[in-house]
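Notes for the one structure printed next.
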Amino acid sequence: MSGTFFPGFDDLDVAELSSRAGAKWARAVDEGLLPAWVADMDFPVAPVIRSALHEQIESDLGYPDWVRGTPLREEFSARMRNRYGWEPDPESVREQTDLIQALQLILHLSTRRGDSVVVQTPNYPPFLASIRRMGLQQLDFPFVDRGDGWVLDMEVFEQRVARHRPRVLVLVNPHNPTGRVHTREELEQIADIAERFDLLVVSDEIHAEIVYEPHVHIPFASLSPDAAGRTVTITSAGKSFNLAGLRCAVVHYGAERLLRRRDAEPFDLYGAVSVLGVVATLAAWRHGDAWQSDLMQVLERNRLQVDAVLRDRLPAARHHLPEGTYLMWIDAGPLGIDDPVEQVRERGGILVEGGLRFGSGCRNQLRINFATSAGILDMILDGVTSALGSGLAPPRPPVAVPRSR
């Protein structure tokens, strides 16, 4: 791969990465594969975050003094104001360990078993699994490929809402896995339908800070007073600063009745965030802009590289340049491959995500995580394209990944 070399991002070592105990590398290495699956980045923790964590560890790991909530409430409000011109009330912000827990709590508070929940498809598998395991009925709000990009089928959305009268819409924007960043016009269409049919909107905006120009993120709750009053926004520094393991997220309850129900529950029934999670998030939001600027240059280069390689080597496969996230969603259906995830694993030596876990109609689709170094991304793309372009050729030798950890 040609282009600028970014110290701290492009000097990754496969042997060192293979020693990591986290799920992304550990699971792949156990199978002798190179990982491009779960949405973790390979890059080291930003120095400002590392320093803040070291300082906290050296000084105090006792009980925090958070009687009135963590400092994240004010910090989240300030970040939304400075970045998006949205001014959420910090008194309406609460902390949760992650977005999955936050979604499950909100659904627990707002639905009864058997209720319908609308969700974009394809979608993040743990969200779909949460809806199913809670005894709720999933209504698909499908993305369709209109030739120049993935587009939500608003007509199907409105028809299904009118027929089934769901209680909740789960909106993921920027969207995982398609990489779409919804325009104001699209969001306003959704807001209009939500108002007419009285939908609670759970807006997952965890990828909001990974958006490529000229696209811009628009918080759903910022659209109008009505949208603000029916929206619960869930987010975290986990994706934009690679902090998922610290288990720290924030939830803004624009729906005041839901917040009152949440606060009426026993204290800490749903757990509490850790001191280190709060310290890392504060360091990221207060001091991480320079690191994040470098990150976005790396991801911009990488997404263009993935797009160019796929167009060159797999022109029949359908994909579109992601507008946000560090994930590329590929439809391998035109290649005549029934299970592209398994074929990439067996013939290319690469572990990717995809398939029916992302929703009905996703059997022939796969997702590539491109948040890694230039050199490792080259290996991933070589493995994926050789596997999907190999037809009935014998499997290629797997990428050499150290197995010891």
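The chains in the structure tokens are called A, B, ... from first to last as shown; in each chain the residues are counted from 1, and the ligands are counted from 1 in the order shown.
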Discussion item. Using only C-alpha atoms, which protein or nucleic acid residues come within 8 Å of Pro126 in chain A? Drop anything in the same chain fewer than 3 positions from it, and give the result as number ranges by chain.
Written reply: A: 100, 129-130
Discussion item. I'd like the neighbourhood of range 339-344 of chain A as number ranges by chain, where a residue qualifies if any of its atoms comes within 10 Å (using only C-alpha atoms), though same-chain residues fewer than 2 positions away should be ignored.
Written reply: A: 330-333, 335-337, 346-356, 362-367, 380, 383-391, 395
Produce a file of the selected residues containing N, CA and C atoms, as a short mmCIF file (atom, residue, chain, number, x, y, z; two decimals), in the first residue's frame.
```cif
data_model
loop_
_atom_site.label_atom_id
_atom_site.label_comp_id
_atom_site.auth_asym_id
_atom_site.auth_seq_id
_atom_site.Cartn_x
_atom_site.Cartn_y
_atom_site.Cartn_z
N ILE A 330 -20.12 -5.85 2.39
CA ILE A 330 -19.98 -6.36 1.02
C ILE A 330 -21.05 -7.41 0.75
N ASP A 331 -21.72 -7.27 -0.36
CA ASP A 331 -22.69 -8.27 -0.81
C ASP A 331 -22.00 -9.16 -1.84
N ALA A 332 -21.71 -10.40 -1.43
CA ALA A 332 -21.03 -11.35 -2.32
C ALA A 332 -22.00 -12.20 -3.11
N GLY A 333 -23.30 -11.90 -3.01
CA GLY A 333 -24.29 -12.67 -3.74
C GLY A 333 -24.02 -12.80 -5.23
N LEU A 335 -21.39 -13.09 -6.72
CA LEU A 335 -20.27 -14.00 -6.99
C LEU A 335 -20.70 -15.46 -6.95
N GLY A 336 -21.96 -15.70 -6.56
CA GLY A 336 -22.45 -17.07 -6.49
C GLY A 336 -21.90 -17.86 -5.31
N ILE A 337 -21.51 -17.17 -4.25
CA ILE A 337 -20.93 -17.81 -3.06
C ILE A 337 -22.00 -17.85 -1.98
N GLU A 346 -11.85 -20.24 5.22
CA GLU A 346 -11.21 -21.47 4.78
C GLU A 346 -10.19 -21.25 3.67
N ARG A 347 -10.50 -20.36 2.74
CA ARG A 347 -9.63 -20.18 1.59
C ARG A 347 -8.69 -18.99 1.71
N GLY A 348 -9.07 -18.03 2.55
CA GLY A 348 -8.25 -16.82 2.66
C GLY A 348 -7.52 -16.67 3.98
N GLY A 349 -7.89 -17.47 4.98
CA GLY A 349 -7.23 -17.36 6.27
C GLY A 349 -7.57 -16.10 7.04
N ILE A 350 -8.74 -15.50 6.76
CA ILE A 350 -9.15 -14.25 7.40
C ILE A 350 -10.47 -14.48 8.13
N LEU A 351 -10.56 -13.99 9.36
CA LEU A 351 -11.79 -14.06 10.13
C LEU A 351 -12.56 -12.76 9.96
N VAL A 352 -13.74 -12.85 9.34
CA VAL A 352 -14.61 -11.68 9.13
C VAL A 352 -15.97 -11.98 9.73
N GLU A 353 -16.82 -10.96 9.80
CA GLU A 353 -18.20 -11.10 10.26
C GLU A 353 -19.13 -11.12 9.07
N GLY A 354 -20.40 -11.46 9.33
CA GLY A 354 -21.41 -11.42 8.28
C GLY A 354 -22.43 -12.53 8.45
N GLY A 355 -23.25 -12.71 7.43
CA GLY A 355 -24.22 -13.79 7.44
C GLY A 355 -25.50 -13.44 8.16
N LEU A 356 -26.29 -14.48 8.44
CA LEU A 356 -27.65 -14.30 8.94
C LEU A 356 -27.71 -13.72 10.34
N CYS A 362 -29.15 -11.66 4.78
CA CYS A 362 -27.72 -11.32 4.87
C CYS A 362 -26.81 -12.53 4.66
N ARG A 363 -27.35 -13.63 4.21
CA ARG A 363 -26.55 -14.85 4.06
C ARG A 363 -25.30 -14.63 3.22
N ASN A 364 -25.42 -13.83 2.16
CA ASN A 364 -24.31 -13.67 1.22
C ASN A 364 -23.48 -12.41 1.49
N GLN A 365 -23.63 -11.83 2.67
CA GLN A 365 -22.95 -10.57 2.94
C GLN A 365 -21.90 -10.74 4.04
N LEU A 366 -20.86 -9.92 3.96
CA LEU A 366 -19.81 -9.97 4.96
C LEU A 366 -19.32 -8.57 5.29
N ARG A 367 -18.67 -8.47 6.45
CA ARG A 367 -18.21 -7.18 6.95
C ARG A 367 -16.72 -7.25 7.24
N ILE A 380 -5.06 -8.61 4.86
CA ILE A 380 -6.48 -8.91 4.94
C ILE A 380 -7.13 -8.87 3.56
N GLY A 383 -6.17 -11.83 1.42
CA GLY A 383 -6.88 -13.05 1.80
C GLY A 383 -8.33 -13.03 1.39
N VAL A 384 -9.02 -11.90 1.61
CA VAL A 384 -10.44 -11.81 1.27
C VAL A 384 -10.66 -11.92 -0.23
N THR A 385 -9.89 -11.17 -1.01
CA THR A 385 -10.14 -11.16 -2.46
C THR A 385 -9.71 -12.45 -3.13
N SER A 386 -8.63 -13.07 -2.65
CA SER A 386 -8.24 -14.35 -3.24
C SER A 386 -9.27 -15.42 -2.92
N ALA A 387 -9.83 -15.38 -1.72
CA ALA A 387 -10.83 -16.37 -1.34
C ALA A 387 -12.13 -16.20 -2.13
N LEU A 388 -12.60 -14.96 -2.24
CA LEU A 388 -13.87 -14.74 -2.93
C LEU A 388 -13.73 -14.81 -4.44
N GLY A 389 -12.53 -14.63 -4.93
CA GLY A 389 -12.31 -14.71 -6.37
C GLY A 389 -11.81 -16.06 -6.83
N SER A 390 -11.73 -17.03 -5.88
CA SER A 390 -11.08 -18.30 -6.20
C SER A 390 -12.00 -19.34 -6.78
N GLY A 391 -13.32 -19.08 -6.76
CA GLY A 391 -14.24 -20.06 -7.31
C GLY A 391 -14.09 -21.40 -6.61
N PRO A 395 -8.12 -24.35 -1.45
CA PRO A 395 -7.84 -23.30 -0.47
C PRO A 395 -6.39 -22.86 -0.52
#
```
Counting only C-alpha atoms, give me one row per residue of range 276-360 of chain A with an atom at most 12 Å from an atom of range 138-155 of chain A, showing the shortest contact pair and its distance in Å to one decimal, sorted by chain then residue number, as a tab-separated table.
```
residue	atom	partner	partner_atom	distance
A:Arg318	CA	A:Asp145	CA	8.6
A:His319	CA	A:Gly149	CA	8.0
A:His320	CA	A:Gly149	CA	5.7
A:Leu321	CA	A:Gly149	CA	8.1
A:Pro322	CA	A:Gly149	CA	9.1
A:Glu323	CA	A:Gly149	CA	10.0
A:Met328	CA	A:Trp150	CA	11.9
A:Trp329	CA	A:Trp150	CA	9.9
A:Ile330	CA	A:Trp150	CA	11.0
A:Asp331	CA	A:Asp145	CA	9.6
A:Phe358	CA	A:Asp140	CA	11.3
A:Gly359	CA	A:Asp140	CA	8.5
A:Ser360	CA	A:Asp140	CA	8.8
```
Worksheet item: Which residue, A:Val278, A:Leu299, A:Ala290, A:Val93, has the smallest gap to Gln56 in chain A when you use only C-alpha atoms?
Response: A:Val278
Item to complete: Pull the helix (DSSP H, G or I) assignments for range 182-281 of chain A out of DSSP run on the backbone, and list those residues as a ChimeraX atom specification.
Response: /A:184-196,220-222,225-229,244-246,256-263,275-281
Practice prompt. For range 164-177 of chain A, work out the shell of residues within 7 Å, counting only C-alpha atoms and skipping chain neighbours fewer than 4 positions away, then give it as a ChimeraX atom specification.
Written response: /A:111,115-120,122-124,160,181-182,199-205,207-208,324-325,327,329,367
Discussion item. Report, in Å with one decimal, the straight-line distance from CA of Gly69 in chain A to CA of Gln104 in chain A.
Written reply: 20.9 Å
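For the set A:Asp307, A:Ala46, A:Arg94, A:Met379, the residue with the smallest atom-to-atom gap to Arg68 in chain A is A:Arg94, counting only C-alpha atoms.
Taking only range 220-288 of chain A, the residues that DSSP calls strand (DSSP E) from the backbone come to Thr231, Val232, Thr233, Ile234, Thr235, Ala249, Val250, Val251, His252 and Tyr253 of chain A.
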Worksheet item: Restricting the calculation to only C-alpha atoms, which member of A:Ile206, A:Val48, A:Ile131, A:Leu259 is positioned closest to Ile234 in chain A?
Response: A:Ile206
List every residue of range 272-325 of chain A that has an atom at most 9 Å from any atom of range 3-23 of chain A, giving for each one its closest atom pair and the distance in Å to one decimal, counting only C-alpha atoms, sorted by chain and then by ascending residue number, as a tab-separated table.
```
residue	atom	partner	partner_atom	distance
A:Asp294	CA	A:Phe6	CA	8.0
A:Leu295	CA	A:Phe9	CA	7.8
A:Gln297	CA	A:Phe6	CA	9.0
A:Val298	CA	A:Phe6	CA	7.3
A:Arg301	CA	A:Gly3	CA	8.0
```
Please dump the current selection as a compact mmCIF listing (two decimals), in the first residue's frame; keep C-alpha atoms.
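Output (result-v4.txt):
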```txt
# COMPACT_ATOMS: atom_id res chain seq x y z
CA ASP A 294 -4.57 11.37 13.10
CA LEU A 295 -6.86 8.36 13.44
CA GLN A 297 -6.54 10.32 8.39
CA VAL A 298 -5.55 6.67 8.75
CA ARG A 301 -6.77 6.23 3.69
```
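Excluding Leu187 in chain A itself and any same-chain residue fewer than 6 positions from it, the protein and nucleic acid residues within 9 Å of it, counting only C-alpha atoms, are Ile218, Phe220 and Leu223 of chain A.
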Mind writing the picked residues with C-alpha atoms as a compact mmCIF listing (two decimals), in the first residue's frame?
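As written to disk, part-v4.txt reads:
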```
# COMPACT_ATOMS: atom_id res chain seq x y z
CA ILE A 218 -26.75 14.87 13.16
CA PHE A 220 -31.55 12.53 16.20
CA LEU A 223 -34.00 17.62 15.02
```
Discussion item. For a quick check of understanding, using only C-alpha atoms, which of A:Thr121, A:Glu95, A:Arg260, A:Arg112 has the smallest distance to Gly135 in chain A?
Written reply: A:Arg112
Fill in: Contacts of Ala221 in chain A within 6 Å, only C-alpha atoms, excl. fewer than 3 positions in-chain, as a ChimeraX atom specification
/A:227-228,231
Worksheet entry | Selection near Ala280 in chain A, 10 Å with only C-alpha atoms, sequence-local residues under 4 positions removed, as a PyMOL selection string | chain A and resi 45-46+48-53+56+237-238+241+243+246+248+275-276+284-286
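The interatomic distance for the pair CA of Pro90 in chain A and CA of Arg230 in chain A works out to 16.7 Å.
Our summary of the geometry notes that CA of Val279 in chain A is positioned 16.6 Å from CA of Val67 in chain A.
The smallest atom-to-atom distance between Tyr270 in chain A and any of A:Glu158, A:Asp192, A:Asp98, A:Asp89, using only C-alpha atoms, is found for A:Asp98.
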